[in-house]
Structures are given as C-alpha cells and as structure tokens.
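Coordinates as given in start01.pdb (PDB, C-alpha atoms):
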```pdb
ATOM      1  CA  MET A 289     106.009  90.185 152.503
ATOM      2  CA  THR A 290     109.586  88.954 152.262
ATOM      3  CA  TYR A 291     112.140  89.790 149.615
ATOM      4  CA  SER A 292     111.903  86.317 148.049
ATOM      5  CA  LEU A 293     108.124  86.629 147.679
ATOM      6  CA  ASP A 294     108.511  90.040 146.046
ATOM      7  CA  SER A 295     110.965  88.714 143.493
ATOM      8  CA  THR A 296     108.902  85.560 142.844
ATOM      9  CA  LEU A 297     105.766  87.643 142.328
ATOM     10  CA  LEU A 298     107.646  89.957 139.964
ATOM     11  CA  LEU A 299     109.026  87.031 137.930
ATOM     12  CA  THR A 300     105.582  85.417 137.757
ATOM     13  CA  ILE A 301     104.015  88.650 136.520
ATOM     14  CA  LEU A 302     106.797  89.001 133.921
ATOM     15  CA  LEU A 303     106.098  85.426 132.791
ATOM     16  CA  SER A 304     102.424  86.231 132.234
ATOM     17  CA  ILE A 305     103.308  89.434 130.367
ATOM     18  CA  GLY A 306     105.668  87.463 128.117
ATOM     19  CA  LEU A 307     102.950  84.898 127.401
ATOM     20  CA  PHE A 308     100.493  87.694 126.569
ATOM     21  CA  PHE A 309     102.885  89.300 124.071
ATOM     22  CA  PHE A 310     103.752  85.935 122.520
ATOM     23  CA  LEU A 311     100.056  85.207 121.969
ATOM     24  CA  ARG A 312      99.591  88.657 120.481
ATOM     25  CA  ALA A 313     102.575  88.293 118.133
ATOM     26  CA  SER A 314     101.467  84.854 116.929
ATOM     27  CA  SER A 315      98.308  86.355 115.452
ATOM     28  CA  LYS A 316      99.835  89.576 114.138
ATOM     29  CA  ASP A 317      99.334  90.461 110.469
ATOM     30  CA  ARG A 318     102.676  90.361 108.639
ATOM     31  CA  THR A 319     101.473  91.353 105.190
ATOM     32  CA  THR A 320     104.274  92.847 103.102
ATOM     33  CA  VAL A 321     104.470  94.428  99.670
ATOM     34  CA  VAL A 322     107.515  93.752  97.511
ATOM     35  CA  GLU A 323     108.383  94.483  93.895
ATOM     36  CA  ILE A 324     110.248  91.842  91.935
ATOM     37  CA  THR A 325     111.436  91.540  88.369
ATOM     38  CA  SER A 326     112.173  88.610  86.127
ATOM     39  CA  SER A 327     114.050  88.406  82.852
ATOM     40  CA  GLN A 328     111.409  86.015  81.480
ATOM     41  CA  LYS A 329     108.168  86.822  79.656
ATOM     42  CA  PRO A 330     105.075  87.594  81.768
ATOM     43  CA  VAL A 331     103.139  84.546  80.533
ATOM     44  CA  GLU A 332     105.935  82.175  81.556
ATOM     45  CA  VAL A 333     106.351  83.821  84.957
ATOM     46  CA  LEU A 334     102.609  83.784  85.657
ATOM     47  CA  ASN A 335     102.277  80.117  84.693
ATOM     48  CA  ILE A 336     105.127  79.022  86.957
ATOM     49  CA  MET A 337     103.925  81.174  89.858
ATOM     50  CA  TYR A 338     100.357  79.928  89.411
ATOM     51  CA  GLU A 339     101.543  76.299  89.583
ATOM     52  CA  TRP A 340     103.731  77.047  92.613
ATOM     53  CA  LEU A 341     100.866  78.743  94.466
ATOM     54  CA  GLN A 342      98.497  75.869  93.633
ATOM     55  CA  LEU A 343     101.022  73.356  95.015
ATOM     56  CA  ARG A 344     101.220  75.335  98.259
ATOM     57  CA  GLY A 345      97.437  75.250  98.725
ATOM     58  CA  TRP A 346      96.489  78.693  97.417
ATOM     59  CA  LYS A 347      93.249  78.974  95.446
ATOM     60  CA  GLN A 348      92.644  81.699  92.892
ATOM     61  CA  THR A 349      89.582  83.625  94.013
ATOM     62  CA  GLY A 350      89.606  86.633  91.772
ATOM     63  CA  GLY A 351      91.427  89.091  89.680
ATOM     64  CA  ASP A 352      91.008  92.063  87.422
ATOM     65  CA  PHE A 353      92.206  91.861  83.834
ATOM     66  CA  ASP A 354      92.222  95.649  83.366
ATOM     67  CA  LYS A 355      94.251  96.274  86.527
ATOM     68  CA  ARG A 356      96.396  93.170  85.841
ATOM     69  CA  ILE A 357      95.797  91.667  89.288
ATOM     70  CA  LEU A 358      95.468  88.040  90.376
ATOM     71  CA  ILE A 359      94.168  87.276  93.871
ATOM     72  CA  PHE A 360      94.726  84.000  95.698
ATOM     73  CA  LYS A 361      93.441  82.956  99.110
ATOM     74  CA  GLY A 362      94.673  80.297 101.485
ATOM     75  CA  GLN A 363      93.831  79.096 104.966
ATOM     76  CA  VAL A 364      96.501  79.270 107.679
ATOM     77  CA  ILE A 365      96.035  76.527 110.225
ATOM     78  CA  SER A 366      97.098  76.643 113.854
ATOM     79  CA  SER A 367      99.781  74.346 115.166
ATOM     80  CA  LYS A 368      98.149  71.861 117.566
ATOM     81  CA  LEU A 369     101.514  71.073 119.124
ATOM     82  CA  LEU A 370     102.191  74.750 119.831
ATOM     83  CA  ALA A 371      98.669  75.189 121.253
ATOM     84  CA  ILE A 372      99.275  72.276 123.643
ATOM     85  CA  PHE A 373     102.698  73.670 124.586
ATOM     86  CA  LEU A 374     101.205  77.120 125.263
ATOM     87  CA  SER A 375      98.429  75.518 127.320
ATOM     88  CA  LEU A 376     101.044  73.763 129.451
ATOM     89  CA  LEU A 377     103.042  76.981 129.773
ATOM     90  CA  GLY A 378      99.938  78.989 130.675
ATOM     91  CA  GLY A 379      98.875  76.327 133.184
ATOM     92  CA  CYS A 380     102.297  76.255 134.867
ATOM     93  CA  GLY A 381     102.447  80.041 134.944
ATOM     94  CA  SER A 382      98.964  80.285 136.422
ATOM     95  CA  CYS A 383      99.804  77.653 139.047
ATOM     96  CA  ALA A 384     102.963  79.610 139.908
ATOM     97  CA  LEU A 385     100.861  82.737 140.348
ATOM     98  CA  GLY A 386      98.505  80.702 142.549
ATOM     99  CA  LEU A 387     101.438  79.546 144.708
ATOM    100  CA  VAL A 388     102.624  83.119 145.151
ATOM    101  CA  ILE A 389      99.097  84.201 146.112
ATOM    102  CA  ILE A 390      98.952  81.347 148.671
ATOM    103  CA  GLN A 391     102.214  82.572 150.203
ATOM    104  CA  ILE A 392     100.941  86.147 150.397
ATOM    105  CA  PHE A 393      97.431  85.241 151.608
ATOM    106  CA  PRO A 394      97.671  81.896 153.444
ATOM    107  CA  THR A 395      94.045  82.126 154.587
ATOM    108  CA  LEU A 396      92.874  81.364 151.047
ATOM    109  CA  GLY A 397      94.046  77.774 151.335
ATOM    110  CA  TRP A 398      94.896  75.837 148.192
ATOM    111  CA  TRP A 399      92.229  77.439 145.963
ATOM    112  CA  PRO A 400      94.535  79.857 144.084
ATOM    113  CA  ILE A 401      96.360  76.893 142.531
ATOM    114  CA  LEU A 402      93.174  76.300 140.513
ATOM    115  CA  LEU A 403      94.196  79.326 138.432
ATOM    116  CA  GLY A 404      96.152  76.757 136.412
ATOM    117  CA  LEU A 405      92.876  75.231 135.264
ATOM    118  CA  ILE A 406      91.871  78.596 133.830
ATOM    119  CA  GLY A 407      95.183  79.950 132.512
ATOM    120  CA  GLY A 408      96.281  76.780 130.707
ATOM    121  CA  PRO A 409      93.324  76.108 128.432
ATOM    122  CA  PHE A 410      92.670  79.831 128.036
ATOM    123  CA  SER A 411      96.103  80.560 126.542
ATOM    124  CA  GLY A 412      95.932  77.538 124.224
ATOM    125  CA  MET A 413      92.457  78.489 122.981
ATOM    126  CA  ILE A 414      93.460  82.104 122.361
ATOM    127  CA  TYR A 415      96.428  80.998 120.240
ATOM    128  CA  PHE A 416      94.430  78.352 118.374
ATOM    129  CA  LYS A 417      91.588  80.719 117.442
ATOM    130  CA  LYS A 418      93.631  83.811 116.579
ATOM    131  CA  SER A 419      96.374  82.148 114.554
ATOM    132  CA  ALA A 420      93.936  80.276 112.269
ATOM    133  CA  ARG A 421      92.933  82.777 109.601
ATOM    134  CA  GLU A 422      92.544  83.331 105.893
ATOM    135  CA  GLU A 423      95.490  84.893 104.078
ATOM    136  CA  LYS A 424      95.515  86.698 100.759
ATOM    137  CA  PHE A 425      98.198  86.708  98.049
ATOM    138  CA  GLU A 426      97.931  89.511  95.475
ATOM    139  CA  LEU A 427     100.011  89.546  92.327
ATOM    140  CA  ARG A 428      99.970  92.652  90.133
ATOM    141  CA  LEU A 429     101.813  92.998  86.851
ATOM    142  CA  ILE A 430     103.467  96.379  86.472
ATOM    143  CA  ASP A 431     103.602  97.892  83.008
ATOM    144  CA  SER A 432     107.075  98.044  81.557
ATOM    145  CA  ASP A 433     106.657  99.685  78.155
ATOM    146  CA  ASP A 434     110.372  99.803  77.441
ATOM    147  CA  ASN A 435     110.980  96.035  77.693
ATOM    148  CA  LYS A 436     108.318  93.422  76.820
ATOM    149  CA  GLU A 437     110.732  90.544  77.523
ATOM    150  CA  MET A 438     111.013  91.489  81.188
ATOM    151  CA  THR A 439     108.347  91.032  83.869
ATOM    152  CA  SER A 440     107.828  93.427  86.770
ATOM    153  CA  MET A 441     105.411  92.489  89.549
ATOM    154  CA  ARG A 442     104.187  93.866  92.834
ATOM    155  CA  LEU A 443     103.380  91.107  95.318
ATOM    156  CA  ARG A 444     101.346  91.611  98.483
ATOM    157  CA  ALA A 445     101.285  88.647 100.859
ATOM    158  CA  HIS A 446     102.461  87.300 104.193
ATOM    159  CA  ARG A 447     106.175  87.947 104.671
ATOM    160  CA  ASP A 448     107.035  84.251 105.157
ATOM    161  CA  GLU A 449     105.234  83.317 101.937
ATOM    162  CA  LEU A 450     107.174  85.951  99.984
ATOM    163  CA  ILE A 451     110.445  84.674 101.437
ATOM    164  CA  SER A 452     109.524  81.125 100.370
ATOM    165  CA  LEU A 453     108.668  82.353  96.897
ATOM    166  CA  GLU A 454     111.969  84.139  96.552
ATOM    167  CA  ASN A 455     113.947  81.165  97.897
ATOM    168  CA  GLU A 456     112.239  78.526  95.775
ATOM    169  CA  LEU A 457     111.635  80.354  92.490
ATOM    170  CA  SER A 458     114.474  82.879  92.251
ATOM    171  CA  ASP A 459     116.743  80.598  90.189
ATOM    172  CA  ARG A 460     113.969  79.164  88.039
ATOM    173  CA  LEU A 461     112.461  82.548  87.165
ATOM    174  CA  ASP A 462     115.599  84.667  87.541
ATOM    175  CA  LEU A 463     113.833  86.831  90.137
ATOM    176  CA  LYS A 464     115.416  90.006  91.401
ATOM    177  CA  SER A 465     114.237  92.149  94.289
ATOM    178  CA  ASP A 466     115.705  94.751  96.592
ATOM    179  CA  GLY A 467     116.479  92.047  99.205
ATOM    180  CA  SER A 468     114.370  93.718 101.897
ATOM    181  CA  LEU A 469     112.633  90.430 102.761
ATOM    182  CA  PHE A 470     115.840  88.980 104.172
ATOM    183  CA  LYS A 471     116.652  92.010 106.327
ATOM    184  CA  THR A 472     115.501  91.912 109.918
ATOM    185  CA  PRO A 473     113.894  95.021 111.403
ATOM    186  CA  ILE A 474     116.329  95.001 114.334
TER     187      ILE A 474
END
```

Structure encoded using structure tokens:
Amino acid sequence: MTYSLDSTLLLTILLSIGLFFFLRASSKDRTTVVEITSSQKPVEVLNIMYEWLQLRGWKQTGGDFDKRILIFKGQVISSKLLAIFLSLLGGCGSCALGLVIIQIFPTLGWWPILLGLIGGPFSGMIYFKKSAREEKFELRLIDSDDNKEMTSMRLRAHRDELISLENELSDRLDLKSDGSLFKTPI
C-alpha cells in the first residue's frame, strides 16, 4: 500500500468517526438546572411564564401543589434538512471508503462503492430517530419566607430552552440568575 492510500484511508476513517460523534451529540441530553429570581410576585411570574411556555408549544402535564412544582412537556422534532444533509455526508463518506477499499483490494471490483447506499440513509435515519424526543420543563417555586414580593424558582429543562427563557423574559420579569447558562464549558 502506498503512502497516499494510507493517508486517504486514515482521513476517511477520521471522517466516519467525526460523523459518528456528531450523530451522538445531536441526540445527547442537555438538561440543566438553574435557579432564577424575580422581583415580581409569584402569581405574576407564573402567569407570564405559563403563557410563554404555551406559546412555545409546551403543554402542562402535571404538577404538585404541596411541592410547588409545575411540569410541562413538549415534543422536539428532527430537522428534515439536517437529516438529508447528514444522509448526503454519510453517503459521500461511505463511497470514499469504498473507493479506498477498491484501491487496496482491486479484485473486489466496483462493489465497495455500494457502501454509499448503506452509509447515507443509515446516518440520516439514526439522526432523525434519535433527535426526535419528548422534553420536560420543570418549574419549582422555592420558599422565600423573608420576602413575599420576590419570586425564587428552580428550573429544570433543556439548556437551549432556558437560554431562550432568560433572553426573552429577563426584562419583562426582571429575572436574575448566576449567568451560568451563557458560559461555555470550554
């Protein structure tokens, strides 16, 4: 095997590893817990947040009055455009692997190129099935005995949803948090 075939095979394998990790990351659970406070009364905050969640497609599915919890559920849909793009990427990568295999084992003929017919749809289907899931949004009021005019809450939801909440409602509700949502883990 020549040097160029070695490097092409290595790059093709790295491409497939990158696709695998991208597919895995697209379906990863990014549930985060954050505590926020508002200078407004709890009833006002809950009404505005309830309306905001309803507008975004969340449905209230439960809650516990004694524990002061509201639970909302929503369906995350897969991006059809991204599934098609990943199918094309997986197909091209699989065809590239087939071409490298043909160069290494010329006796196989053109059959290894058919790997593209397997790798393309397979990667798109994996993304489409794993990224479509049901998400949960939990809102818990935290007791603040010293100040009844202030609202403290613990929110548990997908990180992107919490960032949207903080961006869209922070001025309207005078929300304050520790700012950890906007910090990257790097």

What's around region 304-316 of chain A at 7 Å? Count all atoms listed in the file, leave out sequence neighbours fewer than 2 positions away in its own chain, and write the answer as a count of residues only. 8

Just want the 12 Å neighbourhood of Ser292 (chain A), counted on only C-alpha atoms, with same-chain residues fewer than 3 positions away dropped. Output as a PDB file with C-alpha atoms, in the coordinates of the input.
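The result, stored in part.pdb:
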```pdb
ATOM      1  CA  MET A 289     106.009  90.185 152.503  1.00  0.00           C
ATOM      2  CA  SER A 295     110.965  88.714 143.493  1.00  0.00           C
ATOM      3  CA  THR A 296     108.902  85.560 142.844  1.00  0.00           C
ATOM      4  CA  LEU A 297     105.766  87.643 142.328  1.00  0.00           C
ATOM      5  CA  LEU A 298     107.646  89.957 139.964  1.00  0.00           C
ATOM      6  CA  LEU A 299     109.026  87.031 137.930  1.00  0.00           C
ATOM      7  CA  VAL A 388     102.624  83.119 145.151  1.00  0.00           C
ATOM      8  CA  GLN A 391     102.214  82.572 150.203  1.00  0.00           C
ATOM      9  CA  ILE A 392     100.941  86.147 150.397  1.00  0.00           C
TER      10      ILE A 392
END
```

Surrounding residues of Gly386 (chain A) excluding itself and chain neighbours under 4 positions, 9 Å, only C-alpha atoms, as a list in words: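 Near Gly386 (chain A), the qualifying residues are Gly381, Ser382, Ile390, Gln391, Trp398, Trp399, Pro400, Ile401, Leu402, Leu403 and Gly404 of chain A.
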
Rounded to one decimal, what separation in Å do you get between CA of Pro409 (chain A) and CA of Pro394 (chain A)? 26.0 Å

Written as a PDB file with C-alpha atoms, in the coordinates of the input, what is the full residue list that the PyMOL selection byres ((chain A and resi 457) around 12) yields on the file shown?
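New file part_15.pdb:
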```pdb
ATOM      1  CA  ILE A 324     110.248  91.842  91.935  1.00  0.00           C
ATOM      2  CA  THR A 325     111.436  91.540  88.369  1.00  0.00           C
ATOM      3  CA  SER A 326     112.173  88.610  86.127  1.00  0.00           C
ATOM      4  CA  VAL A 333     106.351  83.821  84.957  1.00  0.00           C
ATOM      5  CA  LEU A 334     102.609  83.784  85.657  1.00  0.00           C
ATOM      6  CA  ILE A 336     105.127  79.022  86.957  1.00  0.00           C
ATOM      7  CA  MET A 337     103.925  81.174  89.858  1.00  0.00           C
ATOM      8  CA  TYR A 338     100.357  79.928  89.411  1.00  0.00           C
ATOM      9  CA  GLU A 339     101.543  76.299  89.583  1.00  0.00           C
ATOM     10  CA  TRP A 340     103.731  77.047  92.613  1.00  0.00           C
ATOM     11  CA  LEU A 341     100.866  78.743  94.466  1.00  0.00           C
ATOM     12  CA  GLU A 449     105.234  83.317 101.937  1.00  0.00           C
ATOM     13  CA  LEU A 450     107.174  85.951  99.984  1.00  0.00           C
ATOM     14  CA  ILE A 451     110.445  84.674 101.437  1.00  0.00           C
ATOM     15  CA  SER A 452     109.524  81.125 100.370  1.00  0.00           C
ATOM     16  CA  LEU A 453     108.668  82.353  96.897  1.00  0.00           C
ATOM     17  CA  GLU A 454     111.969  84.139  96.552  1.00  0.00           C
ATOM     18  CA  ASN A 455     113.947  81.165  97.897  1.00  0.00           C
ATOM     19  CA  GLU A 456     112.239  78.526  95.775  1.00  0.00           C
ATOM     20  CA  SER A 458     114.474  82.879  92.251  1.00  0.00           C
ATOM     21  CA  ASP A 459     116.743  80.598  90.189  1.00  0.00           C
ATOM     22  CA  ARG A 460     113.969  79.164  88.039  1.00  0.00           C
ATOM     23  CA  LEU A 461     112.461  82.548  87.165  1.00  0.00           C
ATOM     24  CA  ASP A 462     115.599  84.667  87.541  1.00  0.00           C
ATOM     25  CA  LEU A 463     113.833  86.831  90.137  1.00  0.00           C
ATOM     26  CA  LYS A 464     115.416  90.006  91.401  1.00  0.00           C
TER      27      LYS A 464
END
```

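Comparing the minimum interatomic distances between Met441 (chain A) and each of A:Gly467, A:Gly397, A:Gly345, A:Pro330, counting all atoms listed in the file, we find that A:Pro330 sits nearest.
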
Find the distance between CA of Lys368 (chain A) and CA of Phe425 (chain A) and write it in Å to one decimal.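 Computing it gives 24.5 Å between the two atoms.
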
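CA of Phe410 (chain A) is positioned 13.6 Å from CA of Leu370 (chain A).
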
Got a sec to resolve the PyMOL selection byres ((chain A and resi 329) around 7) on this structure and send the residues as a PyMOL selection string? chain A and resi 327-328+330-333+437-439

Can you work out which one of A:Val321, A:Leu387, A:Leu358, A:Asp352 has the shortest atom-to-atom distance to Leu427 (chain A), counting all atoms listed in the file?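 Smallest separation from Leu427 (chain A) among the options: A:Leu358.
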
Build an axis-aligned box that encloses every atom of region 455-466 of chain A listed in the file, pad it by 5 Å on each side, and report its centre and edge lengths in Å to one decimal, as lines of an AutoDock Vina configuration file.
```
center_x = 114.2
center_y = 86.6
center_z = 92.5
size_x = 15.1
size_y = 26.2
size_z = 20.7
```

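Of the residues under consideration (A:Leu303, A:Val364, A:Leu443, A:Ile389), A:Leu303 shows the shortest atom-to-atom contact distance to Leu377 (chain A) when counting all atoms listed in the file.
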
Find the residue from A:Gly362, A:Leu376, A:Asp466, A:Ala371 that sits nearest to Glu423 (chain A); use all atoms listed in the file when measuring.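 Under the stated criterion, the closest residue is A:Gly362.
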
From A:Phe416, A:Phe353, A:Phe360, A:Phe373, residue lying nearest His446 (chain A) [all atoms listed in the file]: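 For His446 (chain A), the nearest of the given residues is A:Phe360.
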
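If all atoms listed in the file are the atoms counted, then among A:Phe393, A:Ile406, A:Ala420, A:Gly412 the closest residue to Leu293 (chain A) is A:Phe393.
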